[in-house]
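Visitor: If it helps, the file is called coords.txt and holds compact mmCIF, C-alpha atoms:
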# COMPACT_ATOMS: atom_id res chain seq x y z
CA MET A 5 -105.47 -71.26 106.67
CA HIS A 6 -102.22 -73.22 106.86
CA LEU A 7 -102.71 -76.95 107.52
CA HIS A 8 -99.83 -79.26 108.41
CA ILE A 9 -100.85 -82.88 107.77
CA LEU A 10 -99.26 -85.69 109.77
CA GLY A 11 -99.12 -88.96 107.80
CA ILE A 12 -99.67 -87.24 104.47
CA CYS A 13 -98.51 -90.03 102.15
CA GLY A 14 -101.34 -92.42 102.99
CA THR A 15 -104.08 -92.66 100.37
CA PHE A 16 -106.71 -90.98 102.52
CA MET A 17 -104.54 -88.23 104.00
CA GLY A 18 -102.82 -87.54 100.68
CA GLY A 19 -106.20 -87.18 99.00
CA LEU A 20 -107.34 -84.93 101.83
CA ALA A 21 -104.25 -82.74 101.26
CA LEU A 22 -105.16 -82.32 97.59
CA ILE A 23 -108.74 -81.44 98.52
CA ALA A 24 -107.58 -78.91 101.12
CA ARG A 25 -105.30 -77.31 98.53
CA SER A 26 -108.22 -77.11 96.07
CA ALA A 27 -110.28 -75.46 98.82
CA GLY A 28 -107.73 -72.65 99.00
CA HIS A 29 -105.68 -73.66 102.04
CA THR A 30 -101.91 -73.65 102.36
CA VAL A 31 -100.86 -77.26 102.89
CA THR A 32 -97.67 -78.85 104.14
CA GLY A 33 -97.20 -82.36 105.46
CA CYS A 34 -94.91 -84.99 106.86
CA ASP A 35 -94.55 -88.76 106.89
CA ALA A 36 -92.04 -91.46 107.66
CA GLY A 37 -90.29 -92.45 104.46
CA VAL A 38 -91.97 -89.93 102.16
CA TYR A 39 -92.73 -92.15 99.20
CA PRO A 40 -94.25 -92.12 95.70
CA PRO A 41 -96.67 -92.16 94.00
CA MET A 42 -98.49 -89.98 96.53
CA SER A 43 -95.39 -87.90 97.34
CA THR A 44 -94.89 -87.15 93.64
CA GLN A 45 -98.54 -86.18 93.20
CA LEU A 46 -98.39 -83.88 96.22
CA GLN A 47 -95.13 -82.21 95.21
CA GLU A 48 -96.50 -81.59 91.72
CA GLN A 49 -99.28 -79.62 93.43
CA GLY A 50 -96.74 -77.48 95.26
CA ILE A 51 -97.22 -79.13 98.66
CA GLN A 52 -94.08 -79.09 100.80
CA LEU A 53 -93.23 -82.48 102.33
CA VAL A 54 -91.06 -83.06 105.39
CA GLU A 55 -89.41 -86.39 106.14
CA GLY A 56 -90.23 -87.85 109.57
CA PHE A 57 -92.15 -86.58 112.57
CA GLU A 58 -89.63 -84.43 114.42
CA ALA A 59 -90.74 -81.70 116.82
CA ASP A 60 -88.84 -79.00 114.90
CA GLN A 61 -91.75 -78.94 112.45
CA LEU A 62 -93.54 -76.69 114.94
CA ALA A 63 -91.44 -73.93 113.35
CA LEU A 64 -93.73 -74.10 110.32
CA LYS A 65 -96.36 -72.47 112.59
CA PRO A 66 -99.48 -73.84 110.89
CA ASP A 67 -102.93 -72.74 112.01
CA LEU A 68 -103.96 -76.38 112.50
CA PHE A 69 -102.33 -79.81 112.65
CA VAL A 70 -104.38 -82.50 110.87
CA VAL A 71 -103.55 -85.94 112.26
CA GLY A 72 -103.75 -89.23 110.38
CA ASN A 73 -104.38 -92.56 112.06
CA VAL A 74 -100.80 -93.74 111.52
CA VAL A 75 -99.75 -91.28 114.25
CA THR A 76 -99.49 -92.72 117.78
CA ARG A 77 -98.59 -91.44 121.22
CA GLY A 78 -94.84 -91.21 121.52
CA ASN A 79 -94.57 -89.61 118.09
CA PRO A 80 -92.16 -86.68 118.73
CA LEU A 81 -94.15 -84.13 116.74
CA MET A 82 -97.47 -85.18 118.27
CA GLU A 83 -96.01 -85.06 121.77
CA ALA A 84 -94.77 -81.51 121.13
CA ILE A 85 -98.21 -80.49 119.85
CA LEU A 86 -99.81 -81.86 123.01
CA ASP A 87 -97.21 -80.32 125.32
CA GLN A 88 -97.71 -76.85 123.87
CA GLY A 89 -101.49 -77.10 123.61
CA LEU A 90 -101.52 -76.43 119.87
CA PRO A 91 -104.72 -76.95 117.84
CA TYR A 92 -105.14 -80.33 116.15
CA THR A 93 -107.88 -82.48 114.69
CA SER A 94 -108.22 -85.74 112.79
CA GLY A 95 -108.31 -85.97 109.02
CA PRO A 96 -111.88 -87.34 108.83
CA GLN A 97 -113.20 -84.72 111.27
CA TRP A 98 -111.57 -81.87 109.35
CA LEU A 99 -112.96 -83.20 106.08
CA GLY A 100 -116.44 -83.58 107.54
CA GLU A 101 -116.56 -80.13 109.08
CA HIS A 102 -114.84 -78.07 106.37
CA VAL A 103 -115.71 -79.82 103.10
CA LEU A 104 -118.46 -82.41 103.32
CA HIS A 105 -120.96 -80.38 105.36
CA GLY A 106 -122.01 -78.42 102.28
CA GLN A 107 -122.20 -81.41 99.92
CA HIS A 108 -124.59 -84.22 99.04
CA VAL A 109 -122.32 -87.00 100.29
CA LEU A 110 -122.50 -90.43 98.69
CA ALA A 111 -120.60 -92.79 101.01
CA VAL A 112 -119.55 -96.31 100.05
CA ALA A 113 -118.95 -98.56 103.06
CA GLY A 114 -118.37 -102.30 103.42
CA THR A 115 -115.68 -104.87 104.03
CA HIS A 116 -115.10 -105.45 100.30
CA GLY A 117 -115.46 -103.49 97.09
CA LYS A 118 -115.36 -99.94 98.47
CA THR A 119 -112.76 -98.62 96.05
CA THR A 120 -114.27 -100.24 92.96
CA THR A 121 -117.85 -99.28 93.83
CA SER A 122 -116.84 -95.70 94.68
CA SER A 123 -115.02 -95.45 91.36
CA MET A 124 -118.01 -96.85 89.47
CA LEU A 125 -120.36 -94.39 91.16
CA ALA A 126 -118.07 -91.41 90.54
CA TRP A 127 -117.70 -92.47 86.90
CA ILE A 128 -121.49 -92.77 86.40
CA LEU A 129 -121.90 -89.24 87.78
CA GLU A 130 -119.02 -87.96 85.64
CA HIS A 131 -120.43 -89.63 82.54
CA ALA A 132 -123.78 -87.95 83.28
CA GLY A 133 -122.11 -84.52 83.37
CA ARG A 134 -122.49 -84.04 87.13
CA GLN A 135 -118.74 -83.46 87.75
CA PRO A 136 -118.65 -85.02 91.23
CA ASN A 137 -116.07 -84.37 93.88
CA PHE A 138 -114.54 -87.54 95.27
CA LEU A 139 -112.01 -89.11 97.61
CA ILE A 140 -111.31 -92.74 96.75
CA GLY A 141 -108.67 -95.21 97.94
CA GLY A 142 -107.48 -96.03 94.44
CA ILE A 143 -107.19 -94.63 90.93
CA ALA A 144 -109.65 -95.57 88.20
CA ASP A 145 -108.36 -95.20 84.66
CA ASP A 146 -111.49 -93.23 83.80
CA LEU A 147 -111.02 -90.67 86.62
CA GLN A 148 -107.18 -90.42 86.48
CA VAL A 149 -106.84 -89.22 90.10
CA SER A 150 -107.93 -90.50 93.52
CA ALA A 151 -109.25 -87.16 94.80
CA ARG A 152 -110.90 -84.09 93.32
CA TYR A 153 -112.65 -81.09 94.82
CA GLN A 154 -114.42 -78.20 93.13
CA PRO A 155 -116.15 -76.09 95.81
CA ASN A 156 -118.94 -75.04 93.43
CA LYS A 157 -119.96 -78.65 92.72
CA PRO A 158 -122.48 -80.14 95.19
CA LEU A 159 -121.84 -83.90 94.98
CA PHE A 160 -119.12 -85.79 96.86
CA VAL A 161 -118.41 -89.51 96.50
CA ILE A 162 -116.29 -90.90 99.32
CA GLU A 163 -114.90 -94.31 100.15
CA ALA A 164 -116.18 -94.74 103.70
CA ASP A 165 -113.62 -96.73 105.65
CA GLU A 166 -114.52 -98.42 108.95
CA TYR A 167 -110.94 -98.20 110.22
CA ASP A 168 -110.43 -96.00 113.27
CA THR A 169 -110.18 -92.21 112.93
CA ALA A 170 -107.12 -91.34 115.05
CA PHE A 171 -105.34 -92.31 118.25
CA PHE A 172 -107.65 -89.91 120.12
CA ASP A 173 -110.86 -90.92 118.28
CA LYS A 174 -111.44 -94.66 118.02
CA ARG A 175 -114.69 -94.36 116.10
CA SER A 176 -114.69 -95.40 112.45
CA LYS A 177 -113.73 -92.71 109.95
CA PHE A 178 -117.14 -92.80 108.30
CA VAL A 179 -119.03 -91.43 111.32
CA HIS A 180 -117.70 -88.00 110.31
CA TYR A 181 -119.09 -88.03 106.77
CA ARG A 182 -122.89 -87.57 107.30
CA PRO A 183 -123.98 -89.07 103.96
CA ARG A 184 -127.38 -88.62 102.31
CA THR A 185 -126.78 -91.66 100.11
CA ALA A 186 -125.03 -94.62 101.72
CA ILE A 187 -124.00 -97.90 100.15
CA LEU A 188 -123.49 -100.65 102.74
CA ASN A 189 -121.89 -103.09 100.33
CA ASN A 190 -121.32 -106.05 102.68
CA LEU A 191 -120.09 -106.68 106.21
CA GLU A 192 -117.67 -109.28 107.56
CA PHE A 193 -115.13 -109.43 110.33
CA ASP A 194 -111.90 -107.64 109.45
CA HIS A 195 -109.32 -105.32 111.05
CA ALA A 196 -108.55 -107.71 113.89
CA ASP A 197 -105.99 -105.20 115.19
CA ILE A 198 -108.80 -102.71 115.86
CA PHE A 199 -112.02 -104.69 116.45
CA PRO A 200 -112.37 -107.65 118.84
CA ASP A 201 -115.26 -109.21 116.92
CA LEU A 202 -117.91 -108.66 114.26
CA ALA A 203 -120.36 -107.18 116.77
CA ALA A 204 -117.94 -104.31 117.41
CA ILE A 205 -117.87 -103.48 113.69
CA GLU A 206 -121.67 -103.72 113.52
CA THR A 207 -121.84 -101.07 116.25
CA GLN A 208 -119.73 -98.71 114.15
CA PHE A 209 -121.91 -99.34 111.10
CA HIS A 210 -124.98 -98.49 113.16
CA HIS A 211 -123.32 -95.23 114.23
CA LEU A 212 -123.18 -94.48 110.49
CA VAL A 213 -126.82 -95.47 109.96
CA ARG A 214 -127.86 -93.09 112.76
CA THR A 215 -126.42 -90.13 110.81
CA ILE A 216 -128.37 -90.67 107.56
CA ALA A 217 -131.37 -88.41 107.00
CA ALA A 218 -134.91 -89.75 106.58
CA GLN A 219 -134.89 -88.22 103.06
CA GLY A 220 -131.69 -90.09 102.24
CA ARG A 221 -131.20 -93.61 100.92
CA ILE A 222 -129.46 -96.74 102.16
CA ILE A 223 -128.41 -99.29 99.54
CA ARG A 224 -127.53 -102.79 100.71
CA PRO A 225 -127.42 -106.40 99.45
CA ALA A 226 -130.69 -108.28 99.92
CA THR A 227 -128.97 -111.01 101.90
CA ASP A 228 -126.30 -110.14 104.48
CA ALA A 229 -126.81 -111.36 108.05
CA ALA A 230 -124.45 -108.82 109.62
CA LEU A 231 -126.19 -105.91 107.89
CA ASP A 232 -129.52 -107.37 109.03
CA SER A 233 -128.22 -107.09 112.58
CA VAL A 234 -127.07 -103.52 112.02
CA LEU A 235 -130.41 -102.31 110.66
CA ALA A 236 -132.38 -104.24 113.29
CA ARG A 237 -130.93 -101.83 115.86
CA GLY A 238 -132.89 -99.04 114.19
CA CYS A 239 -133.20 -97.53 110.72
CA TRP A 240 -134.86 -94.22 109.83
CA THR A 241 -134.00 -94.12 106.11
CA PRO A 242 -135.53 -95.83 103.03
CA VAL A 243 -133.59 -98.95 102.07
CA HIS A 244 -133.03 -100.21 98.51
CA THR A 245 -131.63 -103.69 97.95
CA PHE A 246 -129.56 -105.35 95.25
CA GLY A 247 -128.54 -108.89 94.43
CA PRO A 248 -130.30 -112.09 93.39
CA GLU A 249 -133.31 -111.30 95.60
CA GLY A 250 -133.14 -107.51 95.57
CA LEU A 251 -134.89 -104.65 93.78
CA TRP A 252 -131.81 -104.43 91.55
CA GLN A 253 -130.64 -107.62 89.85
CA ALA A 254 -128.12 -108.70 87.21
CA GLN A 255 -128.19 -111.71 84.96
CA GLY A 256 -125.44 -112.56 82.52
CA SER A 257 -122.85 -114.95 81.21
CA ASP A 258 -120.41 -116.86 83.39
CA HIS A 259 -117.60 -114.77 81.93
CA ALA A 260 -119.30 -111.60 83.24
CA SER A 261 -118.39 -109.62 80.11
CA HIS A 262 -122.07 -108.96 79.48
CA PHE A 263 -125.03 -108.80 81.87
CA GLU A 264 -128.55 -107.43 81.91
CA VAL A 265 -129.69 -105.12 84.69
CA THR A 266 -133.25 -105.31 85.96
CA ARG A 267 -135.04 -103.16 88.51
CA GLN A 268 -138.22 -104.54 90.04
CA ASP A 269 -138.45 -107.13 87.24
CA LYS A 270 -138.08 -104.50 84.52
CA SER A 271 -135.05 -104.50 82.24
CA VAL A 272 -133.25 -101.15 82.42
CA GLY A 273 -130.13 -101.79 80.36
CA SER A 274 -127.14 -104.00 79.72
CA VAL A 275 -123.48 -103.69 80.61
CA ARG A 276 -120.60 -104.93 78.46
CA TRP A 277 -117.16 -104.59 80.03
CA ALA A 278 -113.86 -106.38 80.65
CA LEU A 279 -114.28 -106.75 84.42
CA THR A 280 -114.66 -110.23 85.90
CA GLY A 281 -116.52 -111.76 88.81
CA GLU A 282 -119.96 -111.77 90.36
CA HIS A 283 -118.67 -109.32 92.99
CA ASN A 284 -118.18 -106.66 90.32
CA ARG A 285 -121.72 -107.16 89.07
CA MET A 286 -122.94 -106.55 92.64
CA ASN A 287 -120.71 -103.46 92.92
CA ALA A 288 -122.28 -102.20 89.70
CA LEU A 289 -125.84 -102.69 90.99
CA ALA A 290 -125.02 -100.74 94.16
CA ALA A 291 -123.54 -97.87 92.14
CA LEU A 292 -126.56 -97.78 89.82
CA ALA A 293 -128.95 -97.63 92.78
CA ALA A 294 -126.97 -94.77 94.34
CA ALA A 295 -126.89 -92.83 91.07
CA GLU A 296 -130.65 -93.25 90.69
CA HIS A 297 -131.07 -91.46 94.03
CA LEU A 298 -129.68 -88.39 92.24
CA GLY A 299 -132.08 -88.78 89.34
CA ILE A 300 -129.71 -90.52 86.94
CA ALA A 301 -131.71 -93.05 84.94
CA PRO A 302 -130.51 -96.65 85.12
CA GLU A 303 -130.22 -96.69 81.32
CA ALA A 304 -127.68 -93.86 81.53
CA GLY A 305 -125.89 -95.63 84.36
CA THR A 306 -125.51 -98.89 82.45
CA GLU A 307 -124.20 -96.97 79.45
CA ALA A 308 -121.56 -95.37 81.67
CA LEU A 309 -120.54 -98.70 83.19
CA SER A 310 -120.04 -100.18 79.72
CA ALA A 311 -117.28 -97.61 79.28
CA PHE A 312 -115.78 -98.21 82.75
CA LYS A 313 -112.19 -99.46 82.47
CA GLY A 314 -111.66 -100.56 86.06
CA VAL A 315 -109.39 -99.59 88.94
CA LYS A 316 -105.65 -99.95 89.25
CA ARG A 317 -104.64 -102.95 91.38
CA ARG A 318 -108.02 -104.62 90.89
CA MET A 319 -107.30 -107.53 88.53
CA GLU A 320 -104.88 -105.24 86.69
CA LEU A 321 -102.87 -106.93 83.96
CA ARG A 322 -99.32 -105.80 84.62
CA GLY A 323 -97.82 -107.53 81.63
CA THR A 324 -97.44 -110.68 79.57
CA MET A 325 -94.17 -112.50 78.96
CA ARG A 326 -93.66 -115.90 77.30
CA GLU A 327 -97.46 -116.15 77.05
CA VAL A 328 -97.78 -115.88 80.84
CA ASP A 329 -100.12 -113.13 82.11
CA VAL A 330 -99.16 -111.40 85.38
CA TYR A 331 -102.05 -109.78 87.26
CA ASP A 332 -102.03 -107.51 90.30
CA ASP A 333 -104.93 -107.44 92.76
CA PHE A 334 -105.51 -105.80 96.15
CA ALA A 335 -107.28 -108.87 97.60
CA HIS A 336 -106.10 -109.65 101.14
CA HIS A 337 -109.21 -110.94 102.98
CA PRO A 338 -110.24 -114.59 102.38
CA THR A 339 -113.58 -113.55 100.89
CA ALA A 340 -111.90 -111.13 98.47
CA ILE A 341 -109.28 -113.73 97.58
CA ALA A 342 -111.98 -116.29 96.79
CA THR A 343 -114.11 -113.92 94.69
CA THR A 344 -111.07 -112.63 92.79
CA LEU A 345 -109.98 -116.17 91.96
CA ASP A 346 -113.52 -117.08 90.96
CA GLY A 347 -113.67 -114.15 88.55
CA LEU A 348 -110.35 -115.08 86.98
CA ARG A 349 -111.34 -118.74 86.75
CA LYS A 350 -114.48 -117.83 84.82
CA GLN A 351 -112.32 -115.77 82.48
CA VAL A 352 -109.54 -118.31 81.80
CA GLY A 353 -111.55 -121.52 81.97
CA GLN A 354 -109.35 -124.61 82.39
CA ARG A 355 -106.07 -122.77 81.96
CA ARG A 356 -103.84 -122.77 85.04
CA ILE A 357 -103.88 -120.08 87.71
CA LEU A 358 -100.80 -119.53 89.88
CA ALA A 359 -101.90 -117.62 92.99
CA VAL A 360 -99.22 -115.57 94.76
CA LEU A 361 -100.23 -114.29 98.21
CA GLU A 362 -98.66 -111.84 100.63
CA PRO A 363 -100.64 -111.90 103.92
CA ARG A 364 -99.65 -108.32 104.70
CA SER A 365 -102.67 -106.75 106.43
CA ASN A 366 -102.67 -106.66 110.23
CA THR A 367 -105.66 -109.01 110.27
CA MET A 368 -103.90 -111.58 108.12
CA LYS A 369 -100.59 -111.28 109.98
CA LEU A 370 -102.37 -111.96 113.26
CA GLY A 371 -103.86 -115.12 111.79
CA ALA A 372 -107.47 -114.26 112.64
CA MET A 373 -108.61 -115.68 109.30
CA ALA A 374 -105.73 -117.95 108.34
CA ALA A 375 -107.87 -121.07 108.66
CA ARG A 376 -110.09 -119.82 105.82
CA LEU A 377 -107.23 -119.52 103.33
CA PRO A 378 -107.18 -123.09 101.94
CA GLU A 379 -110.83 -122.86 100.92
CA ALA A 380 -110.36 -119.31 99.58
CA LEU A 381 -107.42 -120.45 97.43
CA ASN A 382 -109.01 -123.69 96.26
CA GLN A 383 -109.57 -122.55 92.65
CA ALA A 384 -105.84 -121.95 92.14
CA ASP A 385 -103.74 -124.67 90.51
CA LEU A 386 -100.63 -123.62 92.42
CA VAL A 387 -100.29 -121.38 95.49
CA PHE A 388 -97.16 -119.47 96.54
CA CYS A 389 -97.35 -117.76 99.96
CA PHE A 390 -94.78 -115.21 101.14
CA GLY A 391 -94.09 -115.48 104.86
CA ALA A 392 -92.92 -117.93 107.48
CA ALA A 393 -93.57 -118.99 111.06
CA SER A 394 -90.39 -117.23 112.20
CA GLY A 395 -87.63 -114.97 110.94
CA LYS A 396 -87.62 -111.66 109.08
CA HIS A 397 -90.99 -112.19 107.42
CA ALA A 398 -92.67 -113.95 110.32
CA LEU A 399 -96.43 -114.23 110.50
CA GLY A 400 -98.46 -115.04 113.59
CA TRP A 401 -99.04 -118.49 112.08
CA ASP A 402 -97.24 -121.13 110.06
CA PRO A 403 -98.21 -120.91 106.36
CA THR A 404 -96.88 -124.42 105.66
CA GLN A 405 -99.21 -125.86 108.28
CA VAL A 406 -102.20 -123.68 107.39
CA LEU A 407 -101.97 -124.42 103.66
CA ALA A 408 -101.36 -128.15 104.19
CA PRO A 409 -104.94 -129.03 103.07
CA LEU A 410 -103.92 -127.88 99.57
CA GLY A 411 -101.21 -130.54 99.47
CA ALA A 412 -98.45 -130.25 96.89
CA ARG A 413 -100.24 -127.33 95.22
CA ALA A 414 -99.08 -124.94 97.97
CA SER A 415 -95.65 -123.75 99.04
CA SER A 416 -94.37 -120.92 101.23
CA TYR A 417 -91.22 -118.79 101.13
CA ASP A 418 -89.53 -116.17 103.27
CA ASP A 419 -87.05 -115.24 100.52
CA LEU A 420 -88.67 -113.20 97.73
CA ASP A 421 -86.02 -113.94 95.10
CA LYS A 422 -86.35 -117.67 95.70
CA MET A 423 -90.12 -117.42 95.42
CA VAL A 424 -89.89 -115.45 92.16
CA GLY A 425 -87.56 -118.12 90.80
CA ALA A 426 -89.93 -120.92 91.82
CA ILE A 427 -92.94 -119.19 90.24
CA CYS A 428 -91.11 -118.60 86.96
CA GLN A 429 -89.84 -122.16 86.89
CA ALA A 430 -93.39 -123.46 87.38
CA ALA A 431 -95.06 -121.06 84.91
CA GLN A 432 -96.06 -122.39 81.49
CA PRO A 433 -97.41 -120.66 78.37
CA GLY A 434 -101.09 -119.92 78.86
CA ASP A 435 -100.83 -119.57 82.66
CA SER A 436 -102.14 -116.63 84.67
CA VAL A 437 -100.07 -115.49 87.66
CA LEU A 438 -102.36 -113.67 90.12
CA VAL A 439 -100.47 -111.61 92.72
CA MET A 440 -102.61 -110.64 95.74
CA SER A 441 -101.42 -108.14 98.36
CA ASN A 442 -102.57 -104.86 99.89
CA GLY A 443 -99.01 -103.55 99.68
CA GLY A 444 -96.32 -103.04 97.06
CA PHE A 445 -94.94 -106.58 97.58
CA ASP A 446 -91.44 -105.25 96.86
CA GLY A 447 -92.20 -104.85 93.15
CA ILE A 448 -92.74 -108.58 92.63
CA HIS A 449 -94.84 -108.03 89.48
CA GLN A 450 -91.98 -106.52 87.51
CA LYS A 451 -89.52 -108.99 88.98
CA LEU A 452 -91.69 -111.82 87.68
CA LEU A 453 -91.94 -110.26 84.22
CA ASN A 454 -88.19 -109.62 84.11
CA ARG A 455 -87.36 -113.20 85.18
CA LEU A 456 -89.88 -114.66 82.72
Rewrite the structure from the file as structure tokens, please.

Guide:
Amino acid sequence: MHLHILGICGTFMGGLALIARSAGHTVTGCDAGVYPPMSTQLQEQGIQLVEGFEADQLALKPDLFVVGNVVTRGNPLMEAILDQGLPYTSGPQWLGEHVLHGQHVLAVAGTHGKTTTSSMLAWILEHAGRQPNFLIGGIADDLQVSARYQPNKPLFVIEADEYDTAFFDKRSKFVHYRPRTAILNNLEFDHADIFPDLAAIETQFHHLVRTIAAQGRIIRPATDAALDSVLARGCWTPVHTFGPEGLWQAQGSDHASHFEVTRQDKSVGSVRWALTGEHNRMNALAALAAAEHLGIAPEAGTEALSAFKGVKRRMELRGTMREVDVYDDFAHHPTAIATTLDGLRKQVGQRRILAVLEPRSNTMKLGAMAARLPEALNQADLVFCFGAASGKHALGWDPTQVLAPLGARASSYDDLDKMVGAICQAAQPGDSVLVMSNGGFDGIHQKLLNRL
């Protein structure tokens, strides 16, 4: 079958393209501004890419158009598909019907930690010789790629995103995955461009819960009010908990380089790694509980995690210059910003942290959580925010006003070069510069290192 994928350079749709190719399909695709690294990865696999969404792509005559959620009505190619009554489906639905239906699906859902937890789980299975298939929204050093599919292997780890499926299917992507093992890592309000409130997201999570078999397993933190509300609507699957009051617990040093794992008050192993933060310990417990559902002993799981190197763009050290460390992190929600800073603070102690923030997500641009930023950024010694109340890089709020509670520690810029200059002028030997954005941030990491 020939599939033509609309919006192919996104992480999910690009990974889907690689999986479809591994399944034996002919794959082509298009996107606006075909861009690396996904475009490079796809072209290396022999997948033809077309720039833009023009209607002349109908000449490719695919058997099916697979539509990503970046595609909207008014898109010339999509309008032509609709006008001519050609067959189309969404990416998540195609994946669910043609790949996942024959697999034991291990889905990782939650507002935070999906990519890291999915990577940990896939690595534990890989380390145990289970050779899992996976589709993850990032690249772990241990796994090398974000997607892999071997039709003869029965396990599939997937990052289960609550974002909407397509312009014609406003349910969350994860309702198409039908997992047997589901991690519900946490739940907060996010995606203000899609959901009006937390209750709307809870409804989508309960749609997911309704699809999990009675012989499956749900893994969740012991304390999470929103998940309590979700499961109170009905749950037909055994639930395992993790966290300070859960079946799975972790105790360790403040620096998080070493912690003991216990299950039901019994020690099952220890983890020694370079990752920081209590949030990563919780991610690890969730992954261990999911792996146990497949018969992988916790002792084997902790051994695997001790060899886990982490995920790109999750507290990734991009370089050191003049004794100043420059880190890159995907954090863009106030909770993630706070936990990321907390992890770095425990690592560097009293040394200074310079936090650099790009409020790039739709939720942050709209200002739905702007009021939480001063508290989230409180552990930083200096804060540099990219954006302004008006102009080219306008936000739906005034960063100078919002960050005023931080006093002289905070400043905002709408000129990237000026901000880079200010950061480098402020940086001192021993400092850590933590860049937080869910986008490329115009290559600011290398610009900082070059200027330093």

Visitor: Find the residues near A:Ser26: any atom within 9 Å, counting all atoms listed in the file, skip ones fewer than 6 places away on the same chain, and give them as a count of residues only.

Guide: 4

Visitor: Write out as a list of chain:residue names each polymer residue whose atoms come within 12 Å of A:Ala217, counting all atoms listed in the file; drop sequence neighbours fewer than 4 positions from it.

Guide: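 Listing them by chain and then by number gives A:His108, A:Val109, A:Arg182, A:Pro183, A:Arg184, A:Thr185, A:Ala186, A:Leu212, A:Val213, A:Arg221, A:Ile222, A:Cys239, A:Trp240, A:Thr241, A:Pro242, A:Val243.
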
Visitor: Between atom CA of A:Leu129 and atom CA of A:Glu166, what is the distance in Å, rounded to a tenth?

Guide: 24.2 Å

Visitor: In Å, how far is it from atom CA of A:Pro338 to atom CA of A:Ala374?

Guide: 8.2 Å

Visitor: Under the rule that all atoms listed in the file are counted, which of A:Leu348, A:Met440, A:Leu202, A:Met17 is the nearest residue to A:Val387?

Guide: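 Closest to A:Val387, using all atoms listed in the file: A:Met440.
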
Visitor: Identify the residues within 12 Å of coordinate (-96.2, -80.9, 96.4) (same frame as the file), considering all atoms listed in the file, and give the answer as a ChimeraX atom specification.

Guide: /A:12-13,18,21-22,25,30-34,38,40-54

Visitor: Would you kindly return, as a list in words, each protein, DNA or RNA residue with an atom no farther than 9 Å from any atom of A:Val330, considering only C-alpha atoms and excluding same-chain residues fewer than 2 positions away?

Guide: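 Residues near the query, excluding close chain neighbours: Glu320, Leu321, Arg322, Gly323, Thr324, Met325, Val328, Asp332, Asp435, Ser436, Val437, Leu438, Val439, His449, Gln450, Leu452 and Leu453 of chain A.
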
Visitor: Counting all atoms listed in the file, figure out which residue out of A:Ala359, A:Met5, A:Ala151, A:Ala340 gets nearest to A:Glu192.

Guide: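 Closest to A:Glu192, using all atoms listed in the file: A:Ala340.
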
Visitor: Considering only C-alpha atoms, tabulate each residue of stretch 291-363 of chain A that lies at most 9 Å from stretch 252-276 of chain A along with its nearest interatomic pair and the corresponding distance in Å to one decimal; arrange the rows by chain and ascending residue number and present them as JSON lines.

Guide:
{"residue": "A:Leu292", "atom": "CA", "partner": "A:Trp252", "partner_atom": "CA", "distance": 8.6}
{"residue": "A:Ala293", "atom": "CA", "partner": "A:Trp252", "partner_atom": "CA", "distance": 7.5}
{"residue": "A:Ala301", "atom": "CA", "partner": "A:Val272", "partner_atom": "CA", "distance": 8.6}
{"residue": "A:Pro302", "atom": "CA", "partner": "A:Val272", "partner_atom": "CA", "distance": 5.9}
{"residue": "A:Glu303", "atom": "CA", "partner": "A:Gly273", "partner_atom": "CA", "distance": 5.2}
{"residue": "A:Ala304", "atom": "CA", "partner": "A:Gly273", "partner_atom": "CA", "distance": 8.4}
{"residue": "A:Gly305", "atom": "CA", "partner": "A:Gly273", "partner_atom": "CA", "distance": 8.5}
{"residue": "A:Thr306", "atom": "CA", "partner": "A:Val275", "partner_atom": "CA", "distance": 5.5}
{"residue": "A:Glu307", "atom": "CA", "partner": "A:Val275", "partner_atom": "CA", "distance": 6.9}
{"residue": "A:Ala308", "atom": "CA", "partner": "A:Val275", "partner_atom": "CA", "distance": 8.6}
{"residue": "A:Leu309", "atom": "CA", "partner": "A:Val275", "partner_atom": "CA", "distance": 6.3}
{"residue": "A:Ser310", "atom": "CA", "partner": "A:Arg276", "partner_atom": "CA", "distance": 4.9}
{"residue": "A:Ala311", "atom": "CA", "partner": "A:Arg276", "partner_atom": "CA", "distance": 8.1}
{"residue": "A:Gly347", "atom": "CA", "partner": "A:His259", "partner_atom": "CA", "distance": 7.7}
{"residue": "A:Leu348", "atom": "CA", "partner": "A:His259", "partner_atom": "CA", "distance": 8.8}
{"residue": "A:Arg349", "atom": "CA", "partner": "A:His259", "partner_atom": "CA", "distance": 8.8}
{"residue": "A:Lys350", "atom": "CA", "partner": "A:His259", "partner_atom": "CA", "distance": 5.2}
{"residue": "A:Gln351", "atom": "CA", "partner": "A:His259", "partner_atom": "CA", "distance": 5.4}
{"residue": "A:Val352", "atom": "CA", "partner": "A:His259", "partner_atom": "CA", "distance": 8.8}

Visitor: If you keep C-alpha atoms, can you produce a file of those selected residues as a compact mmCIF listing (two decimals), in the frame of the given file?

Guide:
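Generated output (part-v4.txt):
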# COMPACT_ATOMS: atom_id res chain seq x y z
CA LEU A 292 -126.56 -97.78 89.82
CA ALA A 293 -128.95 -97.63 92.78
CA ALA A 301 -131.71 -93.05 84.94
CA PRO A 302 -130.51 -96.65 85.12
CA GLU A 303 -130.22 -96.69 81.32
CA ALA A 304 -127.68 -93.86 81.53
CA GLY A 305 -125.89 -95.63 84.36
CA THR A 306 -125.51 -98.89 82.45
CA GLU A 307 -124.20 -96.97 79.45
CA ALA A 308 -121.56 -95.37 81.67
CA LEU A 309 -120.54 -98.70 83.19
CA SER A 310 -120.04 -100.18 79.72
CA ALA A 311 -117.28 -97.61 79.28
CA GLY A 347 -113.67 -114.15 88.55
CA LEU A 348 -110.35 -115.08 86.98
CA ARG A 349 -111.34 -118.74 86.75
CA LYS A 350 -114.48 -117.83 84.82
CA GLN A 351 -112.32 -115.77 82.48
CA VAL A 352 -109.54 -118.31 81.80
